[in-house]
Structure formats: C-alpha cells, structure tokens
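Engineer: Structure provided below as structure tokens; questions to follow.
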Amino acid sequence: MADSVAADDQKFCLQEVLDTFKLCLTENKEVYLEHYVAGWRGLVKFLSSLGSVFGFISKDAVNKIKILVGYMEGENGSQYVTIQSMVKYELENELVDLTKRGSHPESGSRTLLRLHRALRWLELFLERLRTSSEDSKTSVMCSESYNESLAQHHPWVIRKTAGMAFCVLPGRAAFFEVMNVGTPEQVVAMLGEALPLISEVYQITEELYTQNNMLDLP
Ligand SMILES: CCCCCCCCCCCCC/C=C/[C@@H](O)[C@H](COP(=O)(O)O)NC(=O)CCCCCCCCCCCCCCC
C-alpha cells in the first residue's frame with residue numbers, strides 16, 4: 001500500500017503542473033521564478049515518463065533548470081525572486097551577453113529565454129491536443145507546434161533529431177493516459193483550465209523581453 005502511494009508520488013500528474021502555473025503570478029503580475037521552474041520540473045517528469053528517446057530534450061531542460069536554481073539559491077538569490085527582478089538585476093549589473101556570447105554565456109535571462117520559447121511550443125501543442133479528435137496524431141500536433149515556434153531558433157541538426165523523436169510519441173489515447181487525469185473528457189477540461197494560465201505567463205514574459213529588447217539573446 002505504502003509502495004503504491006510512493007509510486008503515485010513519482011508519477012506525472014497534469015494537475016500538479018497546473019497548480020504550479022497557478023502560483024506563478026504575483027499580485028502585480030510578475031512571474032515567480034520558483035514556481036516557473038517548478039512547472040518545468042513537472043513537465044520534464046512527464047517527458048521522462050515517455051522514454052529515453054526524449055532524454056536529450058529533458059537533459060537540456062534539466063540543465064537550464066539547474067542554472068536558474070543555482071542563481072536562486074546563490075548569494076544574490078534575493079534578486080532572483082521574479083523573472084522581472086532577475087532581468088532588471090542582470091541588466092543593471094551588466095551580467096547579460098546582449099549581442100554575442102562573451103563573459104556571461106549562462107545568464108539567468110538568456111537561460112530563461114530558452115524555456116520561454118519552449119513554453120510557446122507547449123501552449124501551441126496543448127491547444128492542439130485540447131481540440132484534437134480521437135484519430136489525431138500526437139506526432140503531427142507536436143511537430144506542427146514545434147515548427148511554428150521553437151524550430152525557428154534551432155539549427156538543422158536539432159530540428160532533425162527532434163523530428164525523429166516526435167515520430168515515436170505515443171498515440172493520443174496513451175498520451176492522455178500518462179497525463180494521469182482521468183477520462184479523455186476530463187483531460188480536455190483540464191487542458192482548457194491550464195491553457196489560459198500558461199498563456200498569461202507566456203505573454204507577460206514575452207512583454208518583458210520585448211520591452212528590454214532581449215528576444216534574441218545569444
Ligand atoms: C511531448 C513531446 C515533447 C517534445 C518536446 C518538444 C520540444 C523539442 C525541443 C527540442 C530541444 C532539443 C534539445 C536541445 C536544445 C538546445 O539546443 C536549445 C538551445 O539551448 P542553448 O541556446 O543553450 O544551446 N534548448 C532549448 O531550446 C530549450 C528546450 C527545452 C525543451 C523542454 C521541453 C520540455 C517538454 C515537456 C513536455 C511536456 C508535455 C506535457 C503534455 C501535458
């Protein structure tokens with residue numbers, strides 16, 4: 001009994017990710033880094049449960065999460081409470097490589113930008129899943145979303161490798177199963193709830209990066 005409870009703890013649950021994205025926004029609509037990162041942790045857990053073919057993707061995401069956590073737990077952690085405070089602090093202290101890679105190749109701002117771009121992929125993909133029909137192919141929905149977003153920032157080799165990985169994605173029914181929410185109808189309802197939250201976090205971050213001219217950080 002205790003074992004099965006423990007096993008359940010390990011399992012991905014879409015509800016969990018939804019909850020972290022709910023916690024992301026502060027009263028004045030800034031984005032808490034802690035919850036943003038927690039949201040990504042949950043998503044990576046999901047990706048890992050799909051098998052080792054996706055290992056190269058989760059590895060990169062985990063690496064970026066680690067970089068951000070390093071800053072959050074570092075000596076200037078108090079500057080890394082929200083994405084807004086992080087960007088302000090790093091810009092004011094010239095801790096960001098703005099046009100080409102130099103002495104700050106792993107700034108919090110450029111690292112987060114990579115996850116931010118991936119969040120757009122997620123938004124597009126989840127919206128496709130939500131409105132899909134029983135015979136829709138997850139691989140197609142995934143690659144369409146990828147081509148409309150992240151792919152534009154990736155070199156050919158990565159696009160190619162990602163494309164091959166998409167081909168082995170489980171079908172819609174199995175995919176819904178792994179989400180661990182309930183019936184397909186319940187999954188669709190939860191996606192409907194999750195999407196506006198993810199979308200708002202994305203929009204706020206996008207605005208911040210646009211205002212600061214940081215959408216192309218190397
Ligand atoms: C469910 C299928 C999951 C497919 C995931 C789609 C995203 C494909 C991304 C392919 C990235 C390949 C790895 C390498 C990336 C880096 O080169 C590249 C640039 O970094 P750099 O500037 O430091 O060099 N990195 C990135 O663009 C960041 C990628 C982060 C990807 C995180 C993806 C997490 C996916 C979570 C899936 C959850 C699905 C949830 C459904 C309920």
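The chains in the structure tokens are called A, B, ... from first to last as shown; in each chain the residues are counted from 1, and the ligands are counted from 1 in the order shown.
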Using only C-alpha atoms and all ligand atoms, which residues have at least one atom no more than 7 Å from ligand 1? Output them as an MDAnalysis selection string.
Structural biologist: chainID A and resid 14 43:44 46:47 56:58 60:61 111 114:115 117:118 121:122 126 142 146 150 154 158 162 166 169 179
Engineer: Using backbone DSSP assignments, extract all alpha helix (DSSP H) residues from region 20-196 of chain A; output them as a PyMOL selection string.
Structural biologist: chain A and resi 20-23+33-49+55-72+83-92+108-130+138-148+156-167+172-179+184-196
Engineer: Quick one: of A:Ser109, A:Leu191, A:Gly171, A:Phe12, who's nearest to Leu124 (chain A), counting only C-alpha atoms?
Structural biologist: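 Looking only at the distances to Leu124 (chain A), the closest residue turns out to be A:Leu191.
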Engineer: Near Ser199 (chain A), counting only C-alpha atoms, which residues have an atom at most 12 Å away, once you skip same-chain residues fewer than 2 positions from it, shown as a list in words?
Structural biologist: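 Contacts, with the query itself left out: Leu18, Phe21, Lys22, Cys24, Leu25, His116, Leu119, Arg120, Trp121, Leu122, Glu123, Leu124, Phe125, Leu126, Glu127, Leu191, Gly192, Glu193, Ala194, Leu195, Pro196, Leu197, Val201, Tyr202, Gln203, Ile204, Thr205 and Glu206 of chain A.
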Engineer: To one decimal in Å, tell me the separation between CA of Arg110 (chain A) and CA of Gly42 (chain A).
Structural biologist: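 That distance, rounded to one decimal, is 21.2 Å.
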Engineer: Quick one: residues within 12 Å of Glu207 (chain A), only C-alpha atoms, excluding same-chain residues fewer than 4 positions away - as a PyMOL selection string?
Structural biologist: chain A and resi 29-31+83-84+116+200-203+211-215
